[in-house]
Amino acid sequence: MGAGGDGMSVAAALRLARGAFTLDLDLAVTAGRTLALLGPNGAGKSTALGLLAGTIDLDSGSVVVNGRVLDDESTHVETEHRRIGVVFQDYLLFPHLSVLENVAFGPRSSGIPRAAARSQSVQWLDRLGIADLASTRPPQLSGGQAQRVALGRALASNPELLLLDEPLAALDVEVREEVRGELGRFIHDWGGPTIVVTHLFDDVVALADDVVVIERGRATQRATVRELVQAPATSYVSRLVASWSDD
Amino acid sequence: MRRAAPAFVAVAVLLSGCAAPAPGVATTTTDTLAGTVTVSAAASLTDTFGTIADAFTTEHPDVTVTFNFGGSSALAAQIVEGAPVDVFAAASAATMTTVVEAGLTEGEPTAFATNTLEIAVPPGNPGGVAGLADFTRPELSIALCAAEVPCGAAAMAAFAAAGIAPEPDTLEQDVKAVLTKVELGEVDAGLVYATDVRAAGDRVDGIEFAGAAAAVSVYPIARLAASTRNAAATAFVAYVLSPAGRKILDDAGFGAPQQ
Amino acid sequence: MMQASARRSSRRSFLSPALWIPAGLALALLGLPLMALVVRAPWAQLPELLRQPTVASALGLSLGTALLSTAISLVLGIPLALVLARSDQWPAVPRRLLRALVTVPLVLPPVVGGVALLLLLGRNGLIGQFLPFQLPFTTAAVVIAQVFVAMPFLVLAVDGALRASDRRFEVAAATLGASRFTVFRRITLPLVAPGVAAGALLCFCRALGEFGATITFAGSFPGVTQTLPIATYLQLQTDPDAAIALSLVLMVISATALVSLRDRWVPGVTA
């Protein structure tokens with residue numbers, strides 16, 4: 001698919017204090033690689049995602065994508081100008097638009113004429129193997145289909161960074177394995193920098209190259225997936241690895 | 001307000017009774033009237049009938065007069081539909097006729113007052129209105145009652161008699177609405193009753209016009225057959241027609257009907 | 001038998017039989033007066049009545065002004081509803097003030113609203129005295145009075161729909177590069193379309209039935225400001241049967257609008 005060219009890179013230093021909770025997290029990911037942000041509920045994963053997407057304001061720190069500063073002391077680029085694609089946990093497909101219209105929403109918003117946006121979107125649906133769903137409304141989709149549409153919608157807007165928020169949490173356990181495999185292939189084909197936020201160790205193994213473990217707002221381990229399995233740094237990771245090996 | 005009057009009057013009678021040779025006797029033996037009289041009366045009678053009821057209950061402290069003021073047509077419709085009313089005082093013979101024809105009145109209605117039309121203008125008369133002829137000036141804002149309501153019918157009769165075709169900007173649903181628009185200065189002139197001009201005090205100026213006599217409204221009053229409190233209701237009607245009632249009506253600007 | 005039916009009803013929605021009594025009374029209170037109107041209506045007289053030029057012009061004026069008022073309420077009221085729905089982060093005083101301001105026309109006697117409009121826009125009004133033209137007694141005044149009285153219905157309906165809708169769809173649209181106005185036009189508005197439709201219908205029906213504010217602010221003149229409710233009221237003075245017939249016309253228009261349009265709009269968004 002190769003939408004993400006070589007040399008795309010993301011570097012972020014995320015600092016935020018909200019009451020008792022503080023987030024202090026550095027992240028970096030390059031094109032062709034997928035970074036998993038692994039942590040328990042309440043560790044700050046969703047906050048980190050919001051800071052990257054620009055829906056939450058940083059206290060301090062920075063977000064830089066391909067050398068373009070999206071956030072620092074003097075800059076705040078609004079979400080709609082960030083070119084960061086997000087696949088939300090429950091997908092948030094627009095219920096009043098067809099699948100095709102959902103995918104064409106990004107291209108249309110960037111000013112591409114209707115017909116061109118539609119043909120682009122049809123190609124995306126083809127690549128994702130869901131061309132036959134073009135005129136379907138989101139409420140009629142299965143979980144796996146909805147996820148593909150959400151991925152197609154995010155990628156069709158030609159993002160410089162792809163964020164996936166708990167991409168398999170909304171799916172039934174029986175179908176997760178299959179969908180997870182497909183998702184990994186699509187992300188690999190796309191080839192841009194990707195960050196997956198998850199609390200499922202299976203996601204990390206199947207999708208990620210590198211891992212940042214986040215606990216209580218701070219990174220407790222940075223490693224490749226292999227290193228993480230071999231040398232868990234915290235009891236949280238040890239437990240995850242242990243239960244994963246048992247399967 | 002009205003409800004409080006009898007109690008107040010009763011105290012007054014007791015106080016005056018102190019000077020009398022036999023305290024308390026006067027209130028119990030000279031007046032046997034008691035109970036409640038329910039009166040449906042035209043809206044233009046609101047203030048005047050209030051004053052009359054005060055005077056009436058001073059003489060008959062055990063009687064309570066309650067009022068239902070409104071447009072005559074609406075009141076007549078209520079009575080025909082069975083409203084429990086003892087006395088009906090209408091602003092036109094026509095509305096009284098509907099009640100008479102329904103067989104609901106006791107005896108013939110009696111004319112007790114007349115009302116003539118008067119031109120009402122905002123204080124200072126900004127439109128320079130002098131008479132009915134000014135009602136044709138297109139640059140003026142003019143309010144009249146709609147022809148469907150008594151004051152509108154009277155206005156049409158007055159204009160017809162004067163041979164003038166007015167150019168109103170609005171045809172209001174009752175005379176008070178015309179008066180309000182004059183008071184607010186939204187119109188340069190309106191045609192209302194002389195009693196309305198008098199009641200409005202400084203808020204409007206009144207201009208009498210030649211030919212007002214061509215459209216005199218006659219107010220009839222009647223006791224209704226359904227009344228079970230005949231004595232008090234009869235006494236109230238008699239009071240309205242008495243010299244004392246006449247005086248109060250005169251003060252408010254109502255004319256005396258020709259007998 | 002008992003058990004089976006009890007189980008079925010609890011599986012659907014639980015409605016205690018005790019509630020049927022007040023519900024039935026409520027329905028009777030709302031429905032029986034209308035039924036009386038229908039029973040007493042002089043049906044034979046109706047066609048002839050509708051052909052009367054004053055009635056026809058009052059009907060046309062009512063429909064035209066009510067539609068225009070609804071359109072204006074949509075254009076002005078939807079943005080106001082957005083502000084209202086997003087006012088939760090405001091300090092308490094301005095937030096409550098805003099809500100009260102939107103609600104006041106609902107509880108104000110319409111005649112008082114009409115006087116208020118006169119005091120503002122009348123010939124001697126706060127603003128009216130500076131206007132180069134006169135508003136009262138014009139069709140424009142009818143529309144203003146209707147908007148004043150009817151727009152709150154739309155604003156509150158849309159506000160409710162906005163509060164119930166998932167704002168994360170707007171975030172999702174922003175991540176796809178949509179400007180704020182595009183988000184509003186293509187996401188926020190379509191998602192609350194049923195609420196907007198319901199609000200617009202209520203607004204239209206309220207505008208159609210408007211009487212007090214209109215006759216006070218705009219007056220009553222055939223073809224210019226005399227709407228159907230005002231014509232009906234005047235007919236009541238002389239010809240109650242004709243008035244009943246005219247009120248039936250109003251009722252039928254409102255009921256038709258409510259029944260037909262509502263069902264067409266609501267299934268649009270089911271998610």
# chains A, B, ... in the order shown; residues from 1 in each chain; ligands from 1

call {"tool": "interface_residues", "arguments": {"of": "chain A", "to": "chain C", "cutoff": "9 Å", "atoms": "only C-alpha atoms", "output": "number ranges by chain"}}
result
A: 53-55, 78-88, 91-96, 105-110, 138-139, 153-154, 156-159

call {"tool": "atom_distance", "arguments": {"atom1": "CA of Phe201 (chain A)", "atom2": "CA of Arg216 (chain A)"}}
result
18.0 Å

call {"tool": "select_by_dssp", "arguments": {"residues": "region 48-174 of chain A", "states": "alpha helix (DSSP H)", "output": "number ranges by chain"}}
result
A: 48-53, 99-109, 114-127, 143-156, 173-174

call {"tool": "closest_residue", "arguments": {"among": "A:Leu97, A:Ile187, A:Leu163, A:Ala219", "to": "Ser46 (chain A)", "atoms": "only C-alpha atoms"}}
result
A:Leu163

call {"tool": "interface_residues", "arguments": {"of": "chain B", "to": "chain C", "cutoff": "9 Å", "atoms": "only C-alpha atoms", "output": "VMD selection string"}}
result
chain B and resid 71 to 74 77 141 143 146 to 149 168 to 173 177 180 to 181 184 to 187

call {"tool": "write_last_selection", "arguments": {"atoms": "C-alpha atoms", "output": "PDB file, in the first residue's frame"}}
result
ATOM      1  CA  GLY B  71     -66.590  40.353  26.392  1.00  0.00           C
ATOM      2  CA  SER B  72     -70.392  40.459  26.236  1.00  0.00           C
ATOM      3  CA  SER B  73     -70.583  37.834  23.497  1.00  0.00           C
ATOM      4  CA  ALA B  74     -68.381  35.410  25.412  1.00  0.00           C
ATOM      5  CA  ALA B  77     -72.227  32.134  25.285  1.00  0.00           C
ATOM      6  CA  SER B 141     -51.795  54.597  12.335  1.00  0.00           C
ATOM      7  CA  ALA B 143     -56.860  51.209  15.569  1.00  0.00           C
ATOM      8  CA  ALA B 146     -63.229  44.511  14.785  1.00  0.00           C
ATOM      9  CA  ALA B 147     -66.757  44.664  13.383  1.00  0.00           C
ATOM     10  CA  GLU B 148     -67.556  41.381  15.153  1.00  0.00           C
ATOM     11  CA  VAL B 149     -67.373  42.922  18.635  1.00  0.00           C
ATOM     12  CA  PRO B 168     -57.520  51.360  10.015  1.00  0.00           C
ATOM     13  CA  ASP B 169     -54.196  49.549  10.455  1.00  0.00           C
ATOM     14  CA  THR B 170     -55.618  47.071  12.900  1.00  0.00           C
ATOM     15  CA  LEU B 171     -59.008  45.733  13.968  1.00  0.00           C
ATOM     16  CA  GLU B 172     -58.692  44.747  17.611  1.00  0.00           C
ATOM     17  CA  GLN B 173     -60.598  42.054  19.456  1.00  0.00           C
ATOM     18  CA  ALA B 177     -56.798  46.408  23.164  1.00  0.00           C
ATOM     19  CA  THR B 180     -53.625  49.858  25.014  1.00  0.00           C
ATOM     20  CA  LYS B 181     -52.290  50.640  21.552  1.00  0.00           C
ATOM     21  CA  LEU B 184     -48.402  52.929  24.082  1.00  0.00           C
ATOM     22  CA  GLY B 185     -48.398  55.491  21.275  1.00  0.00           C
ATOM     23  CA  GLU B 186     -48.412  52.750  18.641  1.00  0.00           C
ATOM     24  CA  VAL B 187     -51.387  54.328  16.913  1.00  0.00           C
TER      25      VAL B 187
END

call {"tool": "atom_distance", "arguments": {"atom1": "CA of Asp54 (chain B)", "atom2": "CA of Tyr239 (chain B)"}}
result
11.4 Å

call {"tool": "closest_residue", "arguments": {"among": "A:Ser238, A:Gln89, A:Thr22, A:Ser121", "to": "Ala48 (chain A)", "atoms": "only C-alpha atoms"}}
result
A:Thr22
